[in-house]
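To be precise, the following lines are structure36.txt, and they hold compact mmCIF, C-alpha atoms.
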```txt
# COMPACT_ATOMS: atom_id res chain seq x y z
CA MET F 637 3.77 15.34 4.99
CA ASP F 638 3.65 14.09 8.54
CA GLY F 639 6.11 11.20 8.10
CA SER F 640 9.67 11.55 6.93
CA ALA F 641 11.08 12.59 3.57
CA PHE F 642 14.03 10.87 1.90
CA ASP F 643 15.94 11.09 -1.37
CA ILE F 644 15.41 7.37 -1.92
CA LEU F 645 12.92 5.05 -0.20
CA ILE F 646 13.43 1.32 -0.53
CA LEU F 647 10.46 -1.03 -0.21
CA GLY F 648 11.78 -4.36 1.03
CA ALA F 649 14.34 -5.20 3.71
CA GLY F 650 15.97 -8.29 2.20
CA PRO F 651 19.38 -8.56 0.48
CA ALA F 652 18.36 -6.46 -2.56
CA GLY F 653 16.91 -3.66 -0.45
CA ILE F 654 19.80 -3.66 2.02
CA SER F 655 22.37 -3.61 -0.79
CA ALA F 656 20.54 -0.73 -2.48
CA ALA F 657 20.41 1.19 0.80
CA LEU F 658 24.12 0.82 1.47
CA THR F 659 24.99 2.02 -2.04
CA ALA F 660 22.56 4.96 -1.87
CA ARG F 661 24.07 5.94 1.49
CA ALA F 662 27.59 5.72 0.08
CA ARG F 663 26.44 8.18 -2.61
CA GLY F 664 25.43 10.59 0.11
CA ARG F 665 21.70 10.07 -0.26
CA SER F 666 19.19 10.15 2.56
CA VAL F 667 17.62 6.73 2.42
CA ALA F 668 15.34 4.46 4.43
CA VAL F 669 14.29 0.84 4.17
CA LEU F 670 10.60 0.02 4.63
CA GLY F 671 9.46 -3.58 4.89
CA SER F 672 8.35 -6.48 7.02
CA ASP F 673 10.84 -8.01 9.44
CA PRO F 674 13.45 -9.89 7.35
CA MET F 675 14.28 -12.12 10.33
CA ARG F 676 10.84 -13.71 9.81
CA SER F 677 11.43 -14.39 6.10
CA ALA F 678 12.11 -17.68 4.34
CA LEU F 679 15.76 -16.66 3.87
CA ALA F 680 16.17 -16.31 7.65
CA ARG F 681 15.19 -19.99 7.96
CA ALA F 682 17.71 -21.20 5.34
CA GLU F 683 20.03 -23.60 7.12
CA ARG F 684 23.08 -22.87 5.00
CA ILE F 685 23.96 -20.84 1.94
CA ASP F 686 26.70 -22.39 -0.12
CA ASN F 687 26.96 -20.19 -3.19
CA TYR F 688 27.62 -16.73 -1.80
CA PRO F 689 31.29 -15.88 -2.42
CA GLY F 690 33.44 -15.71 0.67
CA LEU F 691 30.72 -16.69 3.14
CA SER F 692 30.15 -20.31 2.18
CA GLY F 693 28.13 -22.34 4.68
CA MET F 694 26.71 -19.38 6.56
CA SER F 695 23.08 -19.69 7.67
CA GLY F 696 20.42 -17.40 6.25
CA TRP F 697 19.82 -16.06 9.75
CA ASP F 698 23.47 -15.08 10.26
CA MET F 699 23.78 -13.58 6.81
CA LEU F 700 20.67 -11.40 7.24
CA ALA F 701 21.77 -10.38 10.72
CA ALA F 702 25.15 -9.30 9.31
CA MET F 703 23.47 -7.34 6.52
CA LEU F 704 21.12 -5.60 8.96
CA GLY F 705 24.17 -4.77 11.08
CA ASP F 706 25.59 -2.93 8.08
CA LEU F 707 22.43 -0.85 7.82
CA GLU F 708 22.66 0.03 11.48
CA ARG F 709 26.33 0.99 11.27
CA GLN F 710 25.52 3.34 8.38
CA GLY F 711 22.70 4.90 10.38
CA ILE F 712 20.12 3.92 7.77
CA PRO F 713 16.62 3.93 9.26
CA ARG F 714 14.62 0.74 8.97
CA ILE F 715 10.86 1.12 9.12
CA THR F 716 8.94 -2.07 9.91
CA GLY F 717 5.66 -2.02 8.06
CA ARG F 718 3.88 -2.77 4.84
CA ALA F 719 3.45 -0.19 2.09
CA THR F 720 -0.23 -0.08 1.14
CA ALA F 721 -0.30 2.77 -1.37
CA VAL F 722 2.10 4.71 -3.59
CA MET F 723 1.25 7.93 -5.38
CA PRO F 724 3.45 10.04 -7.69
CA PHE F 725 2.95 13.70 -6.79
CA HIS F 726 4.74 16.63 -8.41
CA GLY F 727 7.81 14.65 -9.38
CA ARG F 728 8.11 12.90 -6.02
CA PHE F 729 6.41 9.91 -4.43
CA MET F 730 4.15 9.56 -1.42
CA VAL F 731 4.09 6.14 0.22
CA SER F 732 1.77 5.08 3.01
CA ALA F 733 2.55 2.28 5.43
CA GLU F 734 0.22 1.52 8.33
CA ARG F 735 -0.76 4.98 9.63
CA ASP F 736 2.25 6.88 8.35
CA VAL F 737 3.07 8.63 5.10
CA TYR F 738 6.60 8.95 3.70
CA GLU F 739 7.91 10.99 0.82
CA ALA F 740 10.80 10.27 -1.53
CA GLY F 741 12.38 11.47 -4.76
CA ALA F 742 12.86 7.93 -6.06
CA LEU F 743 11.67 4.46 -5.06
CA ILE F 744 13.35 1.08 -5.23
CA LEU F 745 10.97 -1.89 -5.14
CA ALA F 746 12.71 -4.85 -3.52
CA ALA F 747 9.94 -6.71 -1.71
CA GLY F 748 10.96 -10.17 -2.89
CA THR F 749 9.19 -12.77 -4.96
CA GLN F 750 5.73 -11.73 -6.01
CA GLN F 751 4.39 -15.29 -6.28
CA ALA F 752 2.70 -15.19 -2.88
CA ALA F 753 1.13 -11.85 -3.78
CA ARG F 754 -1.03 -13.27 -6.58
CA PRO F 755 -4.65 -12.44 -5.83
CA TYR F 756 -7.27 -14.99 -4.79
CA PRO F 757 -10.39 -15.47 -6.90
CA GLY F 758 -12.69 -12.51 -6.27
CA GLU F 759 -9.97 -10.43 -4.59
CA THR F 760 -9.22 -7.91 -7.33
CA LYS F 761 -12.88 -7.45 -8.30
CA LEU F 762 -13.90 -6.77 -4.69
CA LEU F 763 -10.91 -4.64 -3.64
CA GLY F 764 -12.39 -1.55 -1.99
CA ARG F 765 -15.78 -3.28 -1.85
CA GLY F 766 -15.11 -5.36 1.23
CA VAL F 767 -11.60 -6.56 0.41
CA SER F 768 -8.93 -4.48 2.14
CA TYR F 769 -5.16 -4.66 2.48
CA CYS F 770 -5.02 -2.23 5.40
CA ALA F 771 -6.67 -3.01 8.74
CA THR F 772 -5.71 0.32 10.28
CA CYS F 773 -7.16 2.22 7.28
CA ASP F 774 -10.48 0.49 6.81
CA GLY F 775 -11.11 -1.36 10.07
CA MET F 776 -13.35 1.33 11.54
CA LEU F 777 -15.79 0.93 8.63
CA TYR F 778 -16.45 -2.64 9.81
CA ARG F 779 -17.18 -1.95 13.47
CA GLY F 780 -19.76 -4.35 14.84
CA ARG F 781 -19.59 -6.47 11.69
CA ARG F 782 -18.10 -9.84 10.88
CA VAL F 783 -14.82 -9.82 8.97
CA ALA F 784 -12.24 -12.41 8.02
CA VAL F 785 -8.52 -11.81 8.34
CA LEU F 786 -6.20 -13.84 6.13
CA GLY F 787 -3.04 -13.58 8.19
CA LEU F 788 -0.42 -14.41 5.56
CA SER F 789 2.43 -12.35 7.00
CA ALA F 790 4.37 -12.19 10.22
CA GLY F 791 2.69 -9.13 11.73
CA SER F 792 -0.90 -10.19 11.02
CA GLU F 793 -1.82 -11.04 14.63
CA ALA F 794 -1.41 -7.38 15.56
CA ASP F 795 -3.91 -6.41 12.86
CA ARG F 796 -6.31 -9.10 14.06
CA ASP F 797 -6.07 -7.76 17.61
CA PHE F 798 -6.57 -4.20 16.39
CA LEU F 799 -9.76 -5.16 14.54
CA LYS F 800 -11.06 -6.98 17.63
CA SER F 801 -10.22 -3.99 19.83
CA ILE F 802 -12.36 -1.63 17.73
CA GLY F 803 -15.33 -3.98 17.85
CA CYS F 804 -15.15 -6.16 14.74
CA GLN F 805 -16.09 -9.84 14.97
CA VAL F 806 -12.98 -11.45 13.58
CA LEU F 807 -12.50 -14.83 11.91
CA TYR F 808 -8.78 -15.40 11.69
CA PHE F 809 -7.02 -17.74 9.28
CA THR F 810 -3.25 -18.24 9.29
CA GLY F 811 -1.30 -18.80 6.10
CA THR F 812 -1.38 -22.57 6.59
CA GLN F 813 -5.14 -22.56 7.27
CA ALA F 814 -5.93 -20.28 4.35
CA LYS F 815 -6.10 -22.84 1.56
CA ASN F 816 -8.41 -22.85 -1.48
CA ILE F 817 -9.61 -19.35 -0.80
CA GLU F 818 -12.38 -17.74 -2.78
CA ILE F 819 -13.90 -14.37 -1.94
CA GLN F 820 -17.61 -14.19 -2.69
CA GLY F 821 -19.77 -11.25 -3.70
CA GLU F 822 -20.91 -9.23 -6.68
CA GLU F 823 -21.17 -5.56 -5.69
CA LYS F 824 -19.66 -6.15 -2.27
CA VAL F 825 -18.18 -8.96 -0.23
CA THR F 826 -20.80 -11.37 1.10
CA GLY F 827 -18.74 -14.37 2.07
CA LEU F 828 -15.50 -16.28 2.02
CA TRP F 829 -14.80 -19.88 1.08
CA VAL F 830 -11.92 -21.49 2.94
CA ASN F 831 -11.14 -25.11 2.16
CA GLY F 832 -14.67 -25.88 1.02
CA GLU F 833 -16.40 -24.14 3.91
CA GLU F 834 -18.33 -20.91 3.47
CA TYR F 835 -18.28 -18.11 6.02
CA ALA F 836 -20.66 -15.14 5.79
CA VAL F 837 -18.58 -11.98 6.23
CA ASP F 838 -18.84 -8.30 5.25
CA GLY F 839 -15.13 -7.78 4.86
CA VAL F 840 -11.95 -9.70 4.11
CA PHE F 841 -8.56 -8.31 5.16
CA VAL F 842 -5.85 -9.92 3.05
CA LEU F 843 -2.56 -9.33 4.89
CA ARG F 844 0.45 -10.49 2.89
CA ASP F 845 4.10 -9.61 3.49
CA ALA F 846 3.83 -7.12 0.66
CA VAL F 847 1.05 -5.75 -1.49
CA ALA F 848 1.53 -6.79 -5.14
CA ALA F 849 3.71 -4.23 -6.94
CA ASP F 850 1.17 -3.53 -9.69
CA VAL F 851 -1.55 -2.95 -7.08
CA LEU F 852 0.71 -0.50 -5.23
CA LEU F 853 1.56 1.27 -8.47
CA PRO F 854 -1.19 0.85 -11.06
CA GLY F 855 0.28 0.84 -14.55
CA LEU F 856 3.58 -0.78 -13.52
CA ASP F 857 4.64 -3.20 -16.25
CA MET F 858 4.83 -6.81 -15.10
CA SER F 859 5.58 -10.00 -16.96
CA ASP F 860 4.93 -13.50 -15.61
CA GLY F 861 4.46 -12.11 -12.11
CA HIS F 862 7.76 -10.20 -12.18
CA ILE F 863 8.39 -6.47 -12.46
CA THR F 864 9.77 -5.58 -15.90
CA VAL F 865 13.10 -3.72 -15.63
CA GLY F 866 15.68 -2.32 -18.00
CA PRO F 867 19.46 -2.85 -17.68
CA ASP F 868 19.67 -0.06 -15.07
CA MET F 869 16.79 -1.60 -13.07
CA ALA F 870 14.38 1.14 -14.13
CA THR F 871 10.73 0.07 -14.22
CA SER F 872 8.07 1.43 -16.57
CA VAL F 873 7.31 4.21 -14.04
CA PRO F 874 9.93 7.01 -14.14
CA GLY F 875 11.71 7.33 -10.79
CA VAL F 876 10.79 3.80 -9.73
CA PHE F 877 13.48 1.11 -9.81
CA ALA F 878 13.31 -2.55 -8.81
CA ALA F 879 15.80 -5.16 -7.63
CA GLY F 880 15.97 -8.74 -6.46
CA ASP F 881 13.48 -11.61 -6.63
CA CYS F 882 10.61 -9.28 -7.61
CA THR F 883 12.31 -8.77 -11.00
CA GLY F 884 12.69 -12.47 -11.86
CA ARG F 885 14.67 -15.66 -11.50
CA PRO F 886 17.02 -17.00 -10.33
CA TYR F 887 15.94 -16.24 -6.75
CA GLN F 888 19.50 -15.98 -5.46
CA ILE F 889 21.14 -13.64 -2.95
CA ALA F 890 24.05 -12.83 -5.27
CA ARG F 891 21.68 -11.63 -7.99
CA ALA F 892 19.60 -9.62 -5.51
CA VAL F 893 22.62 -7.87 -4.03
CA GLY F 894 24.01 -7.01 -7.48
CA GLN F 895 20.71 -5.64 -8.71
CA GLY F 896 20.25 -3.63 -5.52
CA ASN F 897 23.59 -1.97 -6.19
CA ILE F 898 22.68 -1.12 -9.80
CA ALA F 899 19.22 0.14 -8.83
CA ALA F 900 20.67 2.46 -6.18
CA LEU F 901 23.18 3.97 -8.60
CA ALA F 902 20.42 4.55 -11.15
CA ALA F 903 18.11 6.03 -8.49
CA ASP F 904 20.95 8.32 -7.38
CA ARG F 905 21.34 9.56 -10.97
CA TYR F 906 17.58 10.05 -11.26
CA VAL F 907 17.43 12.10 -8.06
CA LYS F 908 20.42 14.19 -9.17
CA GLU F 909 18.79 14.97 -12.54
CA HIS F 910 15.60 16.03 -10.83
CA GLU F 911 17.30 18.21 -8.23
CA LYS F 912 18.27 20.78 -10.84
CA MET I 720 -11.93 26.49 1.07
CA ILE I 721 -12.72 22.86 1.86
CA GLN I 722 -15.57 22.31 4.27
CA GLU I 723 -16.21 19.40 6.57
CA LEU I 724 -19.68 17.88 6.04
CA THR I 725 -21.89 16.33 8.70
CA SER I 726 -25.25 14.56 8.60
CA GLU I 727 -26.84 17.96 9.32
CA ASN I 728 -25.49 19.89 6.35
CA PHE I 729 -24.68 17.11 3.84
CA ASP I 730 -27.91 17.18 1.80
CA GLN I 731 -28.06 20.94 1.73
CA ILE I 732 -24.51 21.38 0.44
CA THR I 733 -24.60 18.56 -2.11
CA ALA I 734 -28.05 19.64 -3.41
CA ALA I 735 -26.86 21.88 -6.25
CA GLY I 736 -23.96 22.33 -8.65
CA ASP I 737 -20.83 20.17 -8.83
CA VAL I 738 -19.65 18.83 -5.48
CA LEU I 739 -16.72 16.55 -4.64
CA VAL I 740 -16.82 14.67 -1.33
CA ASP I 741 -13.65 13.10 0.07
CA PHE I 742 -14.45 10.39 2.65
CA TRP I 743 -11.44 10.15 4.94
CA ALA I 744 -10.16 9.52 8.47
CA VAL I 745 -7.18 10.70 10.46
CA TRP I 746 -5.86 7.17 11.05
CA CYS I 747 -5.69 6.40 7.33
CA GLY I 748 -2.29 6.96 5.68
CA PRO I 749 -3.57 6.85 2.08
CA CYS I 750 -6.20 9.47 3.01
CA ARG I 751 -3.42 11.83 4.03
CA MET I 752 -1.86 11.25 0.59
CA GLN I 753 -5.20 11.98 -1.06
CA SER I 754 -5.57 15.26 0.80
CA PRO I 755 -2.99 17.42 -1.06
CA ILE I 756 -4.29 16.10 -4.38
CA VAL I 757 -7.85 17.06 -3.43
CA ASP I 758 -6.53 20.47 -2.34
CA GLU I 759 -4.90 20.88 -5.74
CA PHE I 760 -8.15 19.90 -7.48
CA ALA I 761 -10.03 22.48 -5.38
CA ASP I 762 -7.53 25.22 -6.32
CA LYS I 763 -7.78 24.33 -10.00
CA HIS I 764 -11.57 24.00 -10.10
CA PRO I 765 -13.14 26.77 -8.02
CA ASP I 766 -16.46 25.95 -9.72
CA VAL I 767 -16.60 22.61 -7.86
CA THR I 768 -17.52 22.68 -4.17
CA VAL I 769 -14.98 20.43 -2.48
CA CYS I 770 -15.90 18.86 0.87
CA LYS I 771 -14.71 16.21 3.28
CA VAL I 772 -16.53 13.66 5.42
CA ASN I 773 -14.67 12.23 8.40
CA VAL I 774 -16.03 8.65 8.46
CA ASP I 775 -15.03 8.30 12.09
CA ASN I 776 -17.35 11.15 13.11
CA GLU I 777 -20.01 10.42 10.49
CA PRO I 778 -20.45 6.63 10.22
CA ALA I 779 -24.06 7.09 9.06
CA LEU I 780 -22.93 9.06 5.99
CA ALA I 781 -20.27 6.44 5.22
CA ALA I 782 -22.90 3.70 5.46
CA ARG I 783 -25.42 5.66 3.36
CA PHE I 784 -22.97 5.86 0.46
CA GLY I 785 -21.64 2.33 0.92
CA VAL I 786 -18.12 3.47 1.75
CA ALA I 787 -16.22 0.21 2.33
CA ALA I 788 -12.65 1.53 2.06
CA ILE I 789 -11.04 4.92 2.34
CA PRO I 790 -10.18 7.17 0.69
CA THR I 791 -13.38 7.16 -1.34
CA LEU I 792 -14.26 10.13 -3.53
CA ALA I 793 -17.86 10.82 -4.52
CA ALA I 794 -18.98 13.23 -7.24
CA PHE I 795 -22.37 14.93 -7.06
CA GLN I 796 -23.86 16.90 -9.93
CA GLY I 797 -27.14 18.73 -9.44
CA GLY I 798 -27.82 16.80 -6.25
CA GLN I 799 -27.27 13.38 -7.87
CA LEU I 800 -24.43 11.01 -7.06
CA THR I 801 -22.76 10.68 -10.46
CA GLY I 802 -19.52 8.92 -9.62
CA LYS I 803 -17.69 7.13 -6.87
CA LYS I 804 -14.04 6.16 -6.81
CA VAL I 805 -12.48 3.93 -4.17
CA GLY I 806 -8.79 4.12 -3.33
CA LEU I 807 -6.21 6.80 -4.07
CA SER I 808 -6.95 8.98 -7.09
CA ASN I 809 -4.63 11.33 -8.93
CA LEU I 810 -5.66 14.74 -10.24
CA GLU I 811 -6.62 13.48 -13.71
CA GLU I 812 -8.79 10.73 -12.26
CA ILE I 813 -10.67 13.24 -10.13
CA GLU I 814 -11.13 15.54 -13.12
CA ASP I 815 -12.47 12.59 -15.14
CA MET I 816 -15.30 12.22 -12.62
CA TYR I 817 -16.75 15.49 -13.95
CA LYS I 818 -16.48 14.73 -17.67
```
For this file, write the structure as structure tokens.
Amino acid sequence: MDGSAFDILILGAGPAGISAALTARARGRSVAVLGSDPMRSALARAERIDNYPGLSGMSGWDMLAAMLGDLERQGIPRITGRATAVMPFHGRFMVSAERDVYEAGALILAAGTQQAARPYPGETKLLGRGVSYCATCDGMLYRGRRVAVLGLSAGSEADRDFLKSIGCQVLYFTGTQAKNIEIQGEEKVTGLWVNGEEYAVDGVFVLRDAVAADVLLPGLDMSDGHITVGPDMATSVPGVFAAGDCTGRPYQIARAVGQGNIAALAADRYVKEHEK
Amino acid sequence: MIQELTSENFDQITAAGDVLVDFWAVWCGPCRMQSPIVDEFADKHPDVTVCKVNVDNEPALAARFGVAAIPTLAAFQGGQLTGKKVGLSNLEEIEDMYK
């Protein structure tokens, strides 16, 4: 592998992922946190948090900054990016994000609430037939053609600029503009409806903060848009654990942090059992 | 031994027998994950000719087979395209393309 290898790779850099990383590190594991920039998340904009023990009244921004400071002090690498594919391979996992590939013995999914990751009409059917989640992967196949970018996450402008730079004609819609979306096409993408207007395009790049967990890992059990977990935060895929808002309500920091801790301990045990 | 196909040799090499073609590019992370799995398939199935097409160097081949996302795997049997799979595939999924 060209990227880096870790005992445990955590997908998601919010409270659940950070908590899991700190616990994994305390267990002596090599660990990294991969995710979009948490300082651009909804939590970072929370004016005050009143139900986190000992830190009452702190802003979301300050709390996240303090948590990220803990990661830094522990020397835990933080990789800014979006995982676009996960593949189990000989008892380990390969994860791609942007142009890089990482390898890990266990994964912890902690990418936050999955509600925003629900697919648009036509999206799932046309995935790989004009719908793409990865501009750097598939952009070159659309050179000289017209594509739409649904920029639903913080780093989307960079992907838009990349597609323009390689010669795509780009229609760009921000998250607030991208309402009532429907992706058109039978065998391949032919157009996109946005708010009652149709645009003829050959490709649609759907760029969310995180790719839906069951798209990343086909076969992952979900229920009501949440990842199904057992008491030790194990998912239906051996070696994959989950923590935080992606596993269900309430969407609270205290719950996320607690689950991150449990998931890391379980992932540590899993890695230990598979080291033998 | 995995060979790189070009517009010049594509038809000749896919003309007979079982052939697997992996459409890929260097700038594609998931393609680099597909690569060791394709290698493993090649080791396990020496009867299948396993090839790669770099879509960056061969855009005409990518267009000819309607490759809209990579990795894409294409199965040829007796010169006919018999299966196409878009996105990452594991070993079993590749083997299923020849059943």
Write out as number ranges by chain each polymer residue whose atoms come within 8 Å of region 841-858 of chain F, counting only C-alpha atoms; drop sequence neighbours fewer than 5 positions from it. F: 671-672, 718-723, 745, 747, 750, 752-754, 767-771, 783-790, 792, 863-864, 871-873
Let's have the selection written as a PDB file, in the coordinates of the input, with C-alpha atoms.
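To be explicit, this is the file written out as result12.pdb:
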```pdb
ATOM      1  CA  GLY F 671       9.460  -3.580   4.890  1.00  0.00           C
ATOM      2  CA  SER F 672       8.350  -6.480   7.020  1.00  0.00           C
ATOM      3  CA  ARG F 718       3.880  -2.770   4.840  1.00  0.00           C
ATOM      4  CA  ALA F 719       3.450  -0.190   2.090  1.00  0.00           C
ATOM      5  CA  THR F 720      -0.230  -0.080   1.140  1.00  0.00           C
ATOM      6  CA  ALA F 721      -0.300   2.770  -1.370  1.00  0.00           C
ATOM      7  CA  VAL F 722       2.100   4.710  -3.590  1.00  0.00           C
ATOM      8  CA  MET F 723       1.250   7.930  -5.380  1.00  0.00           C
ATOM      9  CA  LEU F 745      10.970  -1.890  -5.140  1.00  0.00           C
ATOM     10  CA  ALA F 747       9.940  -6.710  -1.710  1.00  0.00           C
ATOM     11  CA  GLN F 750       5.730 -11.730  -6.010  1.00  0.00           C
ATOM     12  CA  ALA F 752       2.700 -15.190  -2.880  1.00  0.00           C
ATOM     13  CA  ALA F 753       1.130 -11.850  -3.780  1.00  0.00           C
ATOM     14  CA  ARG F 754      -1.030 -13.270  -6.580  1.00  0.00           C
ATOM     15  CA  VAL F 767     -11.600  -6.560   0.410  1.00  0.00           C
ATOM     16  CA  SER F 768      -8.930  -4.480   2.140  1.00  0.00           C
ATOM     17  CA  TYR F 769      -5.160  -4.660   2.480  1.00  0.00           C
ATOM     18  CA  CYS F 770      -5.020  -2.230   5.400  1.00  0.00           C
ATOM     19  CA  ALA F 771      -6.670  -3.010   8.740  1.00  0.00           C
ATOM     20  CA  VAL F 783     -14.820  -9.820   8.970  1.00  0.00           C
ATOM     21  CA  ALA F 784     -12.240 -12.410   8.020  1.00  0.00           C
ATOM     22  CA  VAL F 785      -8.520 -11.810   8.340  1.00  0.00           C
ATOM     23  CA  LEU F 786      -6.200 -13.840   6.130  1.00  0.00           C
ATOM     24  CA  GLY F 787      -3.040 -13.580   8.190  1.00  0.00           C
ATOM     25  CA  LEU F 788      -0.420 -14.410   5.560  1.00  0.00           C
ATOM     26  CA  SER F 789       2.430 -12.350   7.000  1.00  0.00           C
ATOM     27  CA  ALA F 790       4.370 -12.190  10.220  1.00  0.00           C
ATOM     28  CA  SER F 792      -0.900 -10.190  11.020  1.00  0.00           C
ATOM     29  CA  ILE F 863       8.390  -6.470 -12.460  1.00  0.00           C
ATOM     30  CA  THR F 864       9.770  -5.580 -15.900  1.00  0.00           C
ATOM     31  CA  THR F 871      10.730   0.070 -14.220  1.00  0.00           C
ATOM     32  CA  SER F 872       8.070   1.430 -16.570  1.00  0.00           C
ATOM     33  CA  VAL F 873       7.310   4.210 -14.040  1.00  0.00           C
TER      34      VAL F 873
END
```
Can you work out which one of I:Cys747, I:Val786, I:Val772, I:Ala761 has the shortest atom-to-atom distance to chain F, counting all atoms listed in the file? I:Cys747
Which chain F residues are at most 7 Å from chain I (counting only C-alpha atoms), as a PyMOL selection string? chain F and resi 721+730+732-737+764-766+772-774+777
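Once Pro765 (chain I) and its same-chain neighbours fewer than 6 positions away are set aside, Met720, Ile721, Gly736, Asp737, Val738, Leu739, Val757, Asp758 and Glu759 of chain I remain within 12 Å of it when counting only C-alpha atoms.
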Residue nearest Ile712 (chain F) - candidates F:Ile685, F:Ala890, F:Val830, F:Ala668, atoms counted: only C-alpha atoms: F:Ala668
Considering only C-alpha atoms, can you say which of F:Thr716, F:Gly748, F:Ala814, F:Glu739 comes closest to Ser677 (chain F)? F:Gly748
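Of the listed residues (F:Gly775, F:Pro874, F:Gly880, F:Gly711), F:Gly775 comes nearest to Asp797 (chain F); the distances count only C-alpha atoms.
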What residues have an atom no more than 10 Å from (-11.7, -3.1, 16.4) in the file's own frame, counting all atoms listed in the file, and can you write them as a list in words? Ala771, Thr772, Gly775, Met776, Leu777, Tyr778, Arg779, Gly780, Arg781, Asp795, Arg796, Asp797, Phe798, Leu799, Lys800, Ser801, Ile802, Gly803, Cys804, Gln805 and Val806 of chain F
Just the selected residues (C-alpha atoms), exported as a tab-separated table (two decimals), keeping the file's coordinate frame, please.
```tsv
chain	number	residue	atom	x	y	z
F	771	ALA	CA	-6.67	-3.01	8.74
F	772	THR	CA	-5.71	0.32	10.28
F	775	GLY	CA	-11.11	-1.36	10.07
F	776	MET	CA	-13.35	1.33	11.54
F	777	LEU	CA	-15.79	0.93	8.63
F	778	TYR	CA	-16.45	-2.64	9.81
F	779	ARG	CA	-17.18	-1.95	13.47
F	780	GLY	CA	-19.76	-4.35	14.84
F	781	ARG	CA	-19.59	-6.47	11.69
F	795	ASP	CA	-3.91	-6.41	12.86
F	796	ARG	CA	-6.31	-9.10	14.06
F	797	ASP	CA	-6.07	-7.76	17.61
F	798	PHE	CA	-6.57	-4.20	16.39
F	799	LEU	CA	-9.76	-5.16	14.54
F	800	LYS	CA	-11.06	-6.98	17.63
F	801	SER	CA	-10.22	-3.99	19.83
F	802	ILE	CA	-12.36	-1.63	17.73
F	803	GLY	CA	-15.33	-3.98	17.85
F	804	CYS	CA	-15.15	-6.16	14.74
F	805	GLN	CA	-16.09	-9.84	14.97
F	806	VAL	CA	-12.98	-11.45	13.58
```
Using only C-alpha atoms, which residues sit within 9 Å of Gln799 (chain I) once same-chain residues fewer than 4 positions away are excluded, as a PyMOL selection string? chain I and resi 733-735+794-795
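Among F:Gly827, F:Gly717, F:Glu759, F:Asp868, the residue with the shortest atom-to-atom distance to Ala794 (chain F), counting only C-alpha atoms, is F:Gly717.
Between Tyr756 (chain F) and the residues F:Ser692, F:Ser859, F:Gln820, F:Asn687, the shortest atom-to-atom distance, using only C-alpha atoms, involves F:Gln820.
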Expressed in Å to a single decimal, how great is the separation between CA of Ala878 (chain F) and CA of Ile817 (chain F)? 29.5 Å
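Counting from CA of Asn831 (chain F), the distance to CA of Lys815 (chain F) is 5.6 Å.
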How far is it from CA of Pro674 (chain F) to CA of Glu818 (chain F), in Å with one decimal? 28.8 Å
